[in-house]
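Undergrad: Just so it is clear, I am handing over entry.txt, which has compact mmCIF, C-alpha atoms and all ligand atoms.
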# COMPACT_ATOMS: atom_id res chain seq x y z
CA MET A 181 -7.55 -0.35 22.86
CA SER A 182 -9.49 2.88 22.41
CA GLN A 183 -12.87 2.31 20.81
CA GLN A 184 -14.88 4.49 18.46
CA LYS A 185 -12.09 6.88 17.63
CA LYS A 186 -12.80 8.48 14.27
CA ILE A 187 -10.29 7.76 11.51
CA LEU A 188 -10.20 9.64 8.20
CA VAL A 189 -9.03 7.28 5.48
CA THR A 190 -8.02 9.03 2.26
CA GLY A 191 -7.98 6.68 -0.71
CA GLY A 192 -10.10 4.34 1.42
CA THR A 193 -11.92 2.70 -1.51
CA GLY A 194 -8.60 1.73 -3.13
CA TYR A 195 -6.85 -1.62 -2.87
CA ILE A 196 -4.97 -1.27 0.42
CA GLY A 197 -7.32 1.38 1.81
CA SER A 198 -10.42 -0.82 1.49
CA HIS A 199 -8.76 -3.72 3.32
CA THR A 200 -7.61 -1.31 6.01
CA CYS A 201 -11.14 0.10 6.45
CA VAL A 202 -12.35 -3.45 7.11
CA GLU A 203 -9.70 -4.03 9.78
CA LEU A 204 -10.32 -0.62 11.38
CA LEU A 205 -14.07 -1.20 11.57
CA GLN A 206 -13.54 -4.70 12.96
CA ALA A 207 -11.22 -3.25 15.59
CA GLY A 208 -13.93 -0.82 16.69
CA TYR A 209 -12.79 2.38 14.99
CA GLU A 210 -15.18 4.67 13.17
CA VAL A 211 -14.21 5.21 9.53
CA ILE A 212 -14.70 8.15 7.19
CA ILE A 213 -13.39 7.80 3.66
CA ILE A 214 -12.38 10.53 1.25
CA ASP A 215 -11.68 9.26 -2.26
CA ASN A 216 -12.02 10.89 -5.66
CA LEU A 217 -12.73 7.44 -7.14
CA SER A 218 -10.06 7.97 -9.80
CA ASN A 219 -8.91 4.38 -9.26
CA SER A 220 -11.82 2.78 -7.39
CA ASP A 221 -15.59 2.93 -7.17
CA ALA A 222 -18.23 3.82 -4.63
CA GLY A 223 -19.51 0.22 -4.51
CA ILE A 224 -16.43 -0.69 -2.46
CA ALA A 225 -17.99 1.04 0.55
CA ASP A 226 -20.93 -1.40 0.26
CA ARG A 227 -18.53 -4.32 0.14
CA ILE A 228 -16.76 -3.07 3.25
CA ALA A 229 -20.20 -2.92 4.89
CA GLU A 230 -21.02 -6.45 3.70
CA ILE A 231 -17.90 -7.80 5.39
CA THR A 232 -18.06 -5.78 8.60
CA GLY A 233 -21.75 -5.01 9.06
CA LYS A 234 -20.79 -1.33 9.36
CA LYS A 235 -20.91 1.11 6.49
CA PRO A 236 -18.15 3.70 6.35
CA ILE A 237 -19.12 7.22 5.32
CA LEU A 238 -17.71 7.92 1.86
CA TYR A 239 -17.07 11.45 0.59
CA LYS A 240 -16.25 11.65 -3.11
CA ALA A 241 -13.73 14.47 -3.12
CA ASP A 242 -10.26 15.25 -4.34
CA MET A 243 -7.46 15.68 -1.80
CA THR A 244 -5.93 18.37 -3.99
CA ASP A 245 -9.07 20.50 -3.51
CA LYS A 246 -8.16 21.99 -0.17
CA GLN A 247 -11.35 23.97 0.26
CA GLU A 248 -13.65 21.01 -0.26
CA ILE A 249 -11.56 18.74 1.95
CA GLY A 250 -11.51 21.45 4.62
CA GLU A 251 -15.31 21.63 4.56
CA ILE A 252 -15.57 17.86 5.00
CA ILE A 253 -13.12 17.83 7.89
CA ALA A 254 -14.87 20.80 9.52
CA SER A 255 -18.22 19.03 9.29
CA GLU A 256 -16.86 15.77 10.71
CA LYS A 257 -15.14 17.15 13.84
CA ASN A 258 -13.00 15.17 16.33
CA ILE A 259 -11.01 13.13 13.86
CA PHE A 260 -8.40 11.23 15.85
CA SER A 261 -6.10 10.34 12.96
CA SER A 262 -5.86 10.23 9.21
CA ILE A 263 -4.49 7.36 7.20
CA HIS A 264 -3.34 8.80 3.91
CA PHE A 265 -3.49 6.31 1.03
CA ALA A 266 -4.72 8.68 -1.70
CA ALA A 267 -2.09 8.86 -4.42
CA TYR A 268 -1.35 7.81 -7.98
CA LYS A 269 0.86 4.72 -8.02
CA ALA A 270 1.68 3.62 -11.58
CA VAL A 271 5.46 3.70 -11.88
CA GLY A 272 5.60 3.76 -15.72
CA GLU A 273 2.92 6.43 -16.04
CA SER A 274 4.84 8.60 -13.56
CA VAL A 275 7.86 8.54 -15.87
CA GLU A 276 5.68 9.83 -18.72
CA LYS A 277 3.66 12.31 -16.64
CA PRO A 278 5.89 13.36 -13.75
CA LEU A 279 4.05 16.59 -12.97
CA MET A 280 0.74 14.77 -12.65
CA TYR A 281 2.35 12.56 -10.00
CA TYR A 282 4.14 15.32 -8.11
CA ALA A 283 1.00 17.50 -8.17
CA ASN A 284 -1.38 14.80 -6.98
CA ASN A 285 0.77 12.96 -4.47
CA LEU A 286 2.50 15.94 -2.90
CA ASN A 287 -0.36 18.47 -2.90
CA SER A 288 -2.66 15.86 -1.34
CA LEU A 289 -0.24 15.36 1.53
CA ILE A 290 0.49 19.07 1.99
CA ASN A 291 -3.24 19.86 2.08
CA LEU A 292 -3.86 17.12 4.60
CA LEU A 293 -1.06 18.30 6.89
CA ASP A 294 -2.17 21.91 6.63
CA LEU A 295 -5.79 20.99 7.40
CA SER A 296 -4.59 18.77 10.24
CA LEU A 297 -3.01 21.86 11.81
CA GLU A 298 -6.11 23.93 11.20
CA TYR A 299 -8.56 21.38 12.60
CA GLY A 300 -6.33 19.70 15.19
CA ILE A 301 -6.04 16.24 13.65
CA LYS A 302 -3.03 15.25 15.70
CA ASN A 303 -2.09 11.96 14.07
CA LEU A 304 -1.30 10.71 10.59
CA VAL A 305 -0.30 7.35 9.12
CA PHE A 306 1.21 7.59 5.66
CA SER A 307 1.63 5.02 2.85
CA SER A 308 5.26 4.94 1.87
CA SER A 309 7.12 2.33 -0.10
CA CYS A 310 10.27 0.22 -0.15
CA THR A 311 11.00 2.01 -3.41
CA VAL A 312 12.73 4.68 -1.28
CA TYR A 313 15.63 2.23 -0.73
CA GLY A 314 16.42 1.71 -4.43
CA GLN A 315 18.81 -1.26 -4.74
CA PRO A 316 20.23 -1.49 -1.21
CA GLU A 317 23.82 -2.57 -0.71
CA SER A 318 22.97 -5.08 1.98
CA LEU A 319 19.90 -7.17 2.66
CA PRO A 320 17.50 -7.38 4.37
CA VAL A 321 16.79 -3.67 4.63
CA THR A 322 16.16 -2.05 7.98
CA GLU A 323 14.79 1.43 8.57
CA GLN A 324 18.43 2.54 8.89
CA THR A 325 19.27 1.44 5.36
CA PRO A 326 20.01 4.66 3.45
CA VAL A 327 17.20 6.17 1.41
CA VAL A 328 18.21 7.02 -2.14
CA ARG A 329 16.59 8.94 -4.96
CA PRO A 330 14.08 6.43 -6.35
CA GLU A 331 14.20 5.54 -10.05
CA SER A 332 10.75 6.88 -10.87
CA PRO A 333 8.91 10.14 -10.20
CA TYR A 334 6.30 8.03 -8.39
CA GLY A 335 8.95 6.65 -6.06
CA ASN A 336 10.36 10.10 -5.60
CA THR A 337 6.97 11.39 -4.42
CA LYS A 338 7.26 8.89 -1.56
CA ARG A 339 10.77 10.01 -0.63
CA ILE A 340 9.77 13.69 -0.78
CA SER A 341 6.57 12.99 1.18
CA GLU A 342 8.63 11.43 3.97
CA GLU A 343 10.91 14.48 3.96
CA ILE A 344 7.90 16.80 4.13
CA MET A 345 6.63 14.81 7.11
CA GLU A 346 10.03 14.89 8.80
CA ASP A 347 10.10 18.70 8.58
CA PHE A 348 6.45 19.03 9.60
CA TYR A 349 6.86 16.92 12.75
CA ALA A 350 10.09 18.69 13.67
CA ALA A 351 8.15 21.95 13.63
CA HIS A 352 4.98 20.64 15.34
CA GLU A 353 5.99 18.20 18.03
CA ASP A 354 2.53 17.74 19.49
CA PHE A 355 1.55 16.20 16.15
CA LYS A 356 2.54 12.60 15.42
CA GLY A 357 3.24 10.89 12.12
CA ILE A 358 4.02 7.33 11.12
CA ALA A 359 5.26 6.40 7.65
CA LEU A 360 4.82 2.76 6.71
CA ARG A 361 7.16 1.50 4.01
CA TYR A 362 5.29 -1.30 2.27
CA PHE A 363 7.18 -3.97 0.40
CA ASN A 364 5.09 -5.68 -2.34
CA PRO A 365 1.43 -5.89 -1.25
CA ILE A 366 -0.46 -8.77 -2.90
CA GLY A 367 -3.53 -10.96 -2.45
CA ALA A 368 -7.13 -10.23 -1.65
CA HIS A 369 -9.66 -10.37 1.15
CA PRO A 370 -10.60 -13.98 2.04
CA SER A 371 -14.28 -13.10 1.47
CA GLY A 372 -13.48 -12.52 -2.20
CA LEU A 373 -15.27 -9.15 -1.92
CA LEU A 374 -12.18 -6.92 -2.03
CA GLY A 375 -9.01 -7.08 -4.08
CA GLU A 376 -6.86 -5.26 -6.57
CA LEU A 377 -8.59 -3.91 -9.69
CA PRO A 378 -5.94 -2.68 -12.12
CA SER A 379 -7.27 -0.86 -15.17
CA GLY A 380 -5.89 -2.05 -18.51
CA VAL A 381 -2.87 -4.31 -18.79
CA PRO A 382 -1.44 -4.84 -15.30
CA ASN A 383 2.12 -3.68 -14.62
CA ASN A 384 2.44 -5.62 -11.40
CA LEU A 385 3.30 -9.30 -11.33
CA ILE A 386 0.42 -10.84 -9.36
CA PRO A 387 -2.48 -9.27 -11.32
CA PHE A 388 -0.66 -10.29 -14.49
CA VAL A 389 -0.37 -13.84 -13.18
CA THR A 390 -4.03 -14.07 -12.16
CA GLN A 391 -5.21 -12.53 -15.45
CA THR A 392 -3.07 -15.04 -17.35
CA ALA A 393 -4.59 -17.86 -15.30
CA ALA A 394 -8.03 -16.46 -16.13
CA GLY A 395 -7.22 -16.49 -19.85
CA LEU A 396 -7.15 -12.71 -20.29
CA ARG A 397 -3.42 -12.72 -21.13
CA ASP A 398 -1.59 -15.28 -23.25
CA GLU A 399 1.52 -15.68 -21.16
CA ILE A 400 3.60 -14.13 -18.41
CA LYS A 401 6.83 -12.51 -19.44
CA ILE A 402 9.45 -12.92 -16.75
CA PHE A 403 11.50 -9.75 -16.90
CA GLY A 404 15.10 -10.98 -16.72
CA ASN A 405 16.59 -14.36 -15.78
CA ASP A 406 20.21 -13.24 -15.69
CA TYR A 407 20.16 -11.48 -12.34
CA ASN A 408 22.61 -12.43 -9.65
CA THR A 409 20.02 -14.44 -7.71
CA PRO A 410 19.68 -18.22 -7.16
CA ASP A 411 17.35 -18.75 -10.16
CA GLY A 412 18.33 -15.61 -12.07
CA THR A 413 14.98 -13.82 -11.56
CA CYS A 414 14.30 -10.79 -9.35
CA ILE A 415 13.57 -11.15 -5.66
CA ARG A 416 10.88 -9.25 -3.75
CA ASP A 417 9.14 -9.39 -0.38
CA TYR A 418 5.46 -10.08 -1.12
CA ILE A 419 3.20 -9.16 1.78
CA ASN A 420 -0.45 -10.18 2.12
CA VAL A 421 -2.75 -7.15 1.91
CA VAL A 422 -4.77 -8.22 4.97
CA ASP A 423 -1.58 -8.50 7.03
CA LEU A 424 -0.62 -5.08 5.72
CA ALA A 425 -4.03 -3.64 6.60
CA LYS A 426 -3.65 -4.95 10.15
CA ALA A 427 -0.36 -3.08 10.49
CA HIS A 428 -2.29 0.16 9.97
CA VAL A 429 -4.57 -0.70 12.86
CA ALA A 430 -1.46 -1.45 14.94
CA ALA A 431 -0.05 1.97 14.00
CA ILE A 432 -3.31 3.68 14.97
CA ASP A 433 -3.36 1.72 18.25
CA ARG A 434 0.20 2.89 18.93
CA LEU A 435 -0.87 6.50 18.42
CA ALA A 436 -4.02 6.01 20.51
CA GLN A 437 -2.01 4.50 23.35
CA ASN A 438 0.61 7.28 23.20
CA LYS A 439 3.35 4.74 22.62
CA THR A 440 5.26 6.62 19.93
CA LYS A 441 8.85 7.40 20.82
CA LYS A 442 9.35 10.20 18.32
CA ALA A 443 7.03 12.67 16.59
CA PHE A 444 7.80 10.98 13.27
CA GLU A 445 8.42 7.26 13.03
CA VAL A 446 9.10 4.99 10.07
CA PHE A 447 8.43 1.26 9.82
CA ASN A 448 9.19 -1.38 7.21
CA LEU A 449 6.30 -3.71 6.50
CA GLY A 450 7.29 -6.94 4.86
CA THR A 451 7.52 -10.65 5.59
CA GLY A 452 11.31 -10.87 5.67
CA ARG A 453 11.17 -13.55 2.96
CA GLY A 454 12.73 -12.87 -0.42
CA ILE A 455 10.77 -14.63 -3.18
CA SER A 456 11.82 -14.82 -6.83
CA VAL A 457 9.56 -14.25 -9.83
CA LEU A 458 9.91 -17.92 -10.78
CA GLU A 459 8.97 -18.96 -7.24
CA ILE A 460 5.81 -16.85 -7.56
CA VAL A 461 4.88 -18.53 -10.84
CA LYS A 462 5.54 -22.03 -9.45
CA GLY A 463 3.95 -21.16 -6.11
CA PHE A 464 0.80 -19.95 -7.87
CA GLU A 465 0.56 -23.20 -9.83
CA GLU A 466 0.95 -25.21 -6.63
CA ALA A 467 -1.51 -23.11 -4.64
CA THR A 468 -4.23 -23.14 -7.30
CA GLY A 469 -3.61 -26.16 -9.52
CA VAL A 470 -3.72 -23.84 -12.55
CA LYS A 471 -0.86 -24.16 -15.05
CA LEU A 472 0.69 -20.92 -16.27
CA LYS A 473 2.34 -20.21 -19.58
CA TYR A 474 5.45 -18.10 -19.20
CA THR A 475 8.51 -17.04 -21.16
CA MET A 476 11.75 -15.33 -20.30
CA ALA A 477 11.96 -11.74 -21.48
CA PRO A 478 14.52 -8.94 -21.24
CA ARG A 479 14.99 -7.07 -17.98
CA ARG A 480 12.47 -4.29 -17.29
CA ALA A 481 14.03 -0.84 -17.00
CA GLY A 482 14.19 0.45 -13.44
CA ASP A 483 13.81 -2.92 -11.69
CA VAL A 484 16.04 -3.56 -8.70
CA GLU A 485 17.60 -7.03 -8.55
CA GLN A 486 16.48 -7.94 -5.07
CA ILE A 487 14.96 -6.42 -1.99
CA TYR A 488 13.33 -7.78 1.15
CA ALA A 489 12.58 -6.38 4.55
CA ASN A 490 13.80 -6.71 8.03
CA SER A 491 10.49 -5.92 9.79
CA SER A 492 11.65 -6.56 13.34
CA PHE A 493 11.15 -2.91 14.28
CA ALA A 494 7.44 -3.21 13.37
CA GLU A 495 7.26 -6.62 15.05
CA ASN A 496 8.68 -5.28 18.30
CA GLU A 497 7.16 -1.82 18.39
CA LEU A 498 3.81 -2.33 16.64
CA ASN A 499 3.33 -5.81 18.03
CA TRP A 500 2.52 -6.88 14.50
CA LYS A 501 3.76 -9.64 12.25
CA ALA A 502 2.94 -10.78 8.73
CA GLU A 503 1.16 -14.07 9.32
CA LYS A 504 -0.29 -15.36 6.07
CA THR A 505 1.60 -17.90 4.01
CA LEU A 506 2.54 -17.19 0.41
CA LYS A 507 0.37 -20.12 -0.63
CA GLU A 508 -2.81 -18.79 0.97
CA THR A 509 -2.01 -15.30 -0.32
CA LEU A 510 -1.66 -16.49 -3.92
CA ALA A 511 -4.83 -18.58 -3.52
CA SER A 512 -6.68 -15.47 -2.30
CA ALA A 513 -5.51 -13.51 -5.36
CA TRP A 514 -6.84 -16.28 -7.62
CA ASN A 515 -10.11 -16.50 -5.68
CA TRP A 516 -10.61 -12.75 -6.25
CA GLU A 517 -9.75 -12.94 -9.96
CA LYS A 518 -12.20 -15.85 -10.41
CA LYS A 519 -14.97 -13.92 -8.66
CA ILE A 520 -14.56 -10.79 -10.76
CA ARG A 521 -14.34 -12.83 -14.00
CA ASP A 522 -17.17 -15.14 -12.99
CA ILE A 523 -14.99 -18.25 -13.30
CA GLN A 524 -16.27 -21.31 -11.40
P1 LIG B 1 -5.12 2.41 -5.21
O1 LIG B 1 -4.94 3.18 -6.48
O2 LIG B 1 -5.90 1.15 -5.25
O3 LIG B 1 -5.74 3.36 -4.08
C1 LIG B 1 -5.52 4.73 -4.04
C2 LIG B 1 -6.86 5.40 -3.89
O4 LIG B 1 -6.65 6.82 -3.82
C3 LIG B 1 -7.78 5.14 -5.08
O5 LIG B 1 -9.05 4.72 -4.60
C4 LIG B 1 -7.88 6.51 -5.80
O6 LIG B 1 -9.16 6.69 -6.37
C5 LIG B 1 -7.60 7.46 -4.65
N1 LIG B 1 -7.01 8.76 -5.03
C6 LIG B 1 -5.94 9.00 -5.81
N2 LIG B 1 -5.69 10.31 -5.87
C7 LIG B 1 -6.62 10.91 -5.10
C8 LIG B 1 -6.91 12.26 -4.76
N3 LIG B 1 -6.20 13.28 -5.25
N4 LIG B 1 -7.96 12.52 -3.93
C9 LIG B 1 -8.71 11.51 -3.44
N5 LIG B 1 -8.50 10.23 -3.73
C10 LIG B 1 -7.46 9.93 -4.55
O7 LIG B 1 -3.65 2.15 -4.63
P2 LIG B 1 -3.19 1.20 -3.45
O8 LIG B 1 -2.43 0.08 -4.05
O9 LIG B 1 -4.30 0.92 -2.54
O10 LIG B 1 -2.12 2.15 -2.76
C11 LIG B 1 -2.47 2.93 -1.63
C12 LIG B 1 -1.26 3.74 -1.22
O11 LIG B 1 -0.17 2.86 -0.93
C13 LIG B 1 -0.74 4.70 -2.28
O12 LIG B 1 -0.28 5.86 -1.64
C14 LIG B 1 0.41 3.94 -2.89
O13 LIG B 1 1.35 4.79 -3.45
C15 LIG B 1 0.97 3.23 -1.68
N6 LIG B 1 1.73 2.03 -1.99
C16 LIG B 1 1.17 1.06 -2.77
C17 LIG B 1 1.89 -0.07 -3.08
C18 LIG B 1 1.33 -1.13 -3.96
O14 LIG B 1 2.08 -1.91 -4.51
N7 LIG B 1 0.01 -1.22 -4.14
C19 LIG B 1 3.20 -0.23 -2.57
C20 LIG B 1 3.73 0.78 -1.76
C21 LIG B 1 2.99 1.91 -1.49
C1 LIG B 2 7.62 -7.63 -9.22
C2 LIG B 2 8.64 -8.48 -9.94
C3 LIG B 2 9.29 -7.61 -12.10
C4 LIG B 2 5.47 -8.13 -14.08
C5 LIG B 2 6.19 -1.97 -7.77
C6 LIG B 2 6.63 -0.55 -7.59
C7 LIG B 2 6.94 -0.29 -6.15
C8 LIG B 2 5.78 -0.72 -5.26
C9 LIG B 2 5.30 -2.09 -5.55
C10 LIG B 2 4.39 1.18 -4.83
C11 LIG B 2 9.72 -7.64 -10.63
C12 LIG B 2 8.60 -8.93 -12.24
C13 LIG B 2 6.48 -8.12 -13.15
C14 LIG B 2 5.56 -9.04 -15.18
C15 LIG B 2 7.66 -9.83 -14.31
N1 LIG B 2 4.65 0.12 -5.47
N2 LIG B 2 7.55 -8.94 -13.26
N3 LIG B 2 6.66 -9.85 -15.25
O1 LIG B 2 8.32 -3.49 -9.48
O2 LIG B 2 8.71 -4.79 -7.33
O3 LIG B 2 7.24 -2.82 -7.32
O4 LIG B 2 5.06 -2.23 -6.96
O5 LIG B 2 5.06 1.79 -4.08
O6 LIG B 2 7.21 1.06 -6.03
O7 LIG B 2 7.78 -0.33 -8.38
O8 LIG B 2 6.46 -4.86 -8.43
O9 LIG B 2 4.78 -6.44 -9.24
O10 LIG B 2 5.72 -4.73 -10.85
O11 LIG B 2 7.16 -6.60 -10.08
O12 LIG B 2 8.62 -10.56 -14.43
O13 LIG B 2 4.71 -9.07 -16.07
O14 LIG B 2 7.97 -9.17 -11.00
O15 LIG B 2 10.36 -7.49 -12.99
O16 LIG B 2 10.91 -8.34 -10.51
P1 LIG B 2 7.81 -4.00 -8.21
P2 LIG B 2 5.92 -5.64 -9.68
Here is the file; what I need is its structure written in the form of structure tokens.
Ligand code: NAD
Ligand code: WQD

TA:
Amino acid sequence: MSQQKKILVTGGTGYIGSHTCVELLQAGYEVIIIDNLSNSDAGIADRIAEITGKKPILYKADMTDKQEIGEIIASEKNIFSSIHFAAYKAVGESVEKPLMYYANNLNSLINLLDLSLEYGIKNLVFSSSCTVYGQPESLPVTEQTPVVRPESPYGNTKRISEEIMEDFYAAHEDFKGIALRYFNPIGAHPSGLLGELPSGVPNNLIPFVTQTAAGLRDEIKIFGNDYNTPDGTCIRDYINVVDLAKAHVAAIDRLAQNKTKKAFEVFNLGTGRGISVLEIVKGFEEATGVKLKYTMAPRRAGDVEQIYANSSFAENELNWKAEKTLKETLASAWNWEKKIRDIQ
């Protein structure tokens, strides 16, 4: 494995980005973060340093500001690859403010690709999402499962971003891109120093569960129990964030070792296990010993009934596999929630 290659991590103080910085530093890569701190804070860089003993350089800057980003990249020199996490990700907000999502998520990527050409950053790993599959006709989904127009503007930014990359790499074959389609990332770093920090009422299931366990929310509403699934609730593929972070290192290693087979490659990243909402609630209780109050509620608009990954392409080609159990992942999410709420 190549050591001390410099990796530019956009959105590197965010939830998945911060865990990835830890894994990159531990694997011997040098890390530079660009983040506008719109959904994170500068203290995360200190936490990354506390875990790894190495402090990443953090530039507070906005990826939509091409001039400023260009100046940073020019001053850094010799960046081997970018990992592009920086984006807005709230599905509901994207329905209300579509232009804000298209402007931020697409302009950030376009600027990064353009600056990559200008400064010779030959490699890019991009955060995509299983949302590009919509409700697939057959499960589990492989990378060959057809991509559809996602329900939300947020999801659509991911589909369009992949299309932009496809065209970019067709035109510039000495540049390499990898899009990673994450299923549902959950959990926190085992140190309890990094995790997800949603602002306001969480939209996603796991932060809602941990906040309910912590007493911040009265009860969990299970959105729909009349789906065509074994217990009637929706099924997802929940992947541990540390496992997910490690897949980014595997993607960078693949680029560093010149193992890519095409200029633009796409990988699913999931566990292959479909887990229902009720199984999450019960699994959390078992993993933590904390009882949860929950009620059945109407379906949430835009939810797909069930989706889970076939990740064998990533397993074979990236030499990567999701390893953590659901139990330890849910326990890590609770450990993080307790730390930030000061619960003993
Ligand atoms: P996050 O919000 O925790 O991290 C994103 C980071 O990007 C934040 O620190 C934010 O401050 C920063 N950012 C946003 N816009 C920026 C801009 N214009 N310039 C600079 N920084 C900017 O989100 P996350 O959960 O870590 O997600 C990371 C990536 O993975 C996103 O692209 C997201 O769409 C994608 N993704 C997330 C999930 C998920 O469930 N968390 C699932 C699939 C894909
Ligand atoms: C999971 C399940 C809900 C909250 C979202 C984005 C997707 C991707 C990952 C970025 C669903 C149910 C939830 C609650 C519930 N992000 N639920 N009560 O919707 O699968 O995916 O995050 O790319 O694009 O859409 O994740 O955590 O919101 O929901 O019953 O209070 O939990 O209905 O079945 P989702 P989620």

Undergrad: Using only C-alpha atoms and all ligand atoms, determine which residues fall within 7 Å of ligand LIG 2 (chain B), then list them as a list in words.

TA: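 The distance check yields Lys269, Val271, Ser308, Ser309, Cys310, Thr311, Gly335, Phe363, Asn364, Pro365, Asn383, Asn384, Leu385, Ile386, Phe388, Ile400, Lys401, Ile402, Phe403, Gly404, Thr413, Cys414, Ile415, Arg416, Val457, Arg479, Arg480 and Asp483 of chain A.
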
Undergrad: Tell me which of A:Ala350, A:Ala359, A:Ile237, A:Val327 sits closest to ligand LIG 1 (chain B), counting only C-alpha atoms and all ligand atoms.

TA: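 Distance minimum relative to ligand LIG 1 (chain B) lands on A:Ala359.
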
Undergrad: Using all atoms listed in the file, which protein or nucleic acid residues come within 12 Å of A:Asp347? Drop anything in the same chain fewer than 4 positions from it, and give the result as a ChimeraX atom specification.

TA: /A:290,293,340-343,351-353,355-357,443-444

Undergrad: Can I get the selected residues back with C-alpha atoms, as a PDB file, keeping the file's coordinate frame?

TA:
ATOM      1  CA  ILE A 290       0.490  19.070   1.990  1.00  0.00           C
ATOM      2  CA  LEU A 293      -1.060  18.300   6.890  1.00  0.00           C
ATOM      3  CA  ILE A 340       9.770  13.690  -0.780  1.00  0.00           C
ATOM      4  CA  SER A 341       6.570  12.990   1.180  1.00  0.00           C
ATOM      5  CA  GLU A 342       8.630  11.430   3.970  1.00  0.00           C
ATOM      6  CA  GLU A 343      10.910  14.480   3.960  1.00  0.00           C
ATOM      7  CA  ALA A 351       8.150  21.950  13.630  1.00  0.00           C
ATOM      8  CA  HIS A 352       4.980  20.640  15.340  1.00  0.00           C
ATOM      9  CA  GLU A 353       5.990  18.200  18.030  1.00  0.00           C
ATOM     10  CA  PHE A 355       1.550  16.200  16.150  1.00  0.00           C
ATOM     11  CA  LYS A 356       2.540  12.600  15.420  1.00  0.00           C
ATOM     12  CA  GLY A 357       3.240  10.890  12.120  1.00  0.00           C
ATOM     13  CA  ALA A 443       7.030  12.670  16.590  1.00  0.00           C
ATOM     14  CA  PHE A 444       7.800  10.980  13.270  1.00  0.00           C
TER      15      PHE A 444
END

Undergrad: For each of A:Glu465, A:Asp242, A:Asp406, A:Glu298, take the minimum atom-to-atom distance to ligand LIG 1 (chain B), counting only C-alpha atoms and all ligand atoms, then give the residue where this is smallest.

TA: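 Of all the options, A:Asp242 lies closest to ligand LIG 1 (chain B).
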
Undergrad: Could you list, as number ranges by chain, all the residues within 8 Å of ligand LIG 1 (chain B), counting all atoms listed in the file?

TA: A: 190-198, 214-221, 240-245, 264-269, 284-285, 288, 306-311, 334, 338, 361-366, 376-378, 384

Undergrad: Kindly give the distance, in Å, that separates atom CA of A:Lys426 and atom CA of A:Gly454, rounded to a single decimal.

TA: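 Pair atom CA of A:Lys426 / atom CA of A:Gly454 returns 21.0 Å.
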
Undergrad: What is the atom CA of A:Pro320-atom CA of A:Ala513 distance in Å, reported with one decimal?

TA: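 For atom CA of A:Pro320 relative to atom CA of A:Ala513, the distance reads 25.7 Å.
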
Undergrad: Neighbours of A:Val389 within 9 Å (all atoms listed in the file; same-chain residues fewer than 5 positions away dropped), as a list in words?

TA: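 Close residues of A:Val389: Asn384, Ala394, Arg397, Glu399, Ile400, Ile460, Val461, Phe464, Leu472 and Trp514 of chain A.
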
Undergrad: Need the neighbours of (-5.4, -20.7, -5.4): which residues are at most 12 Å away, counting only C-alpha atoms, as a PyMOL selection string?

TA: chain A and resi 367-368+370+372+389-390+393-394+461-471+506-518

Undergrad: Any idea what the distance is between atom CA of A:Ile249 and atom CA of A:Leu292?

TA: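 So the answer is 8.3 Å.
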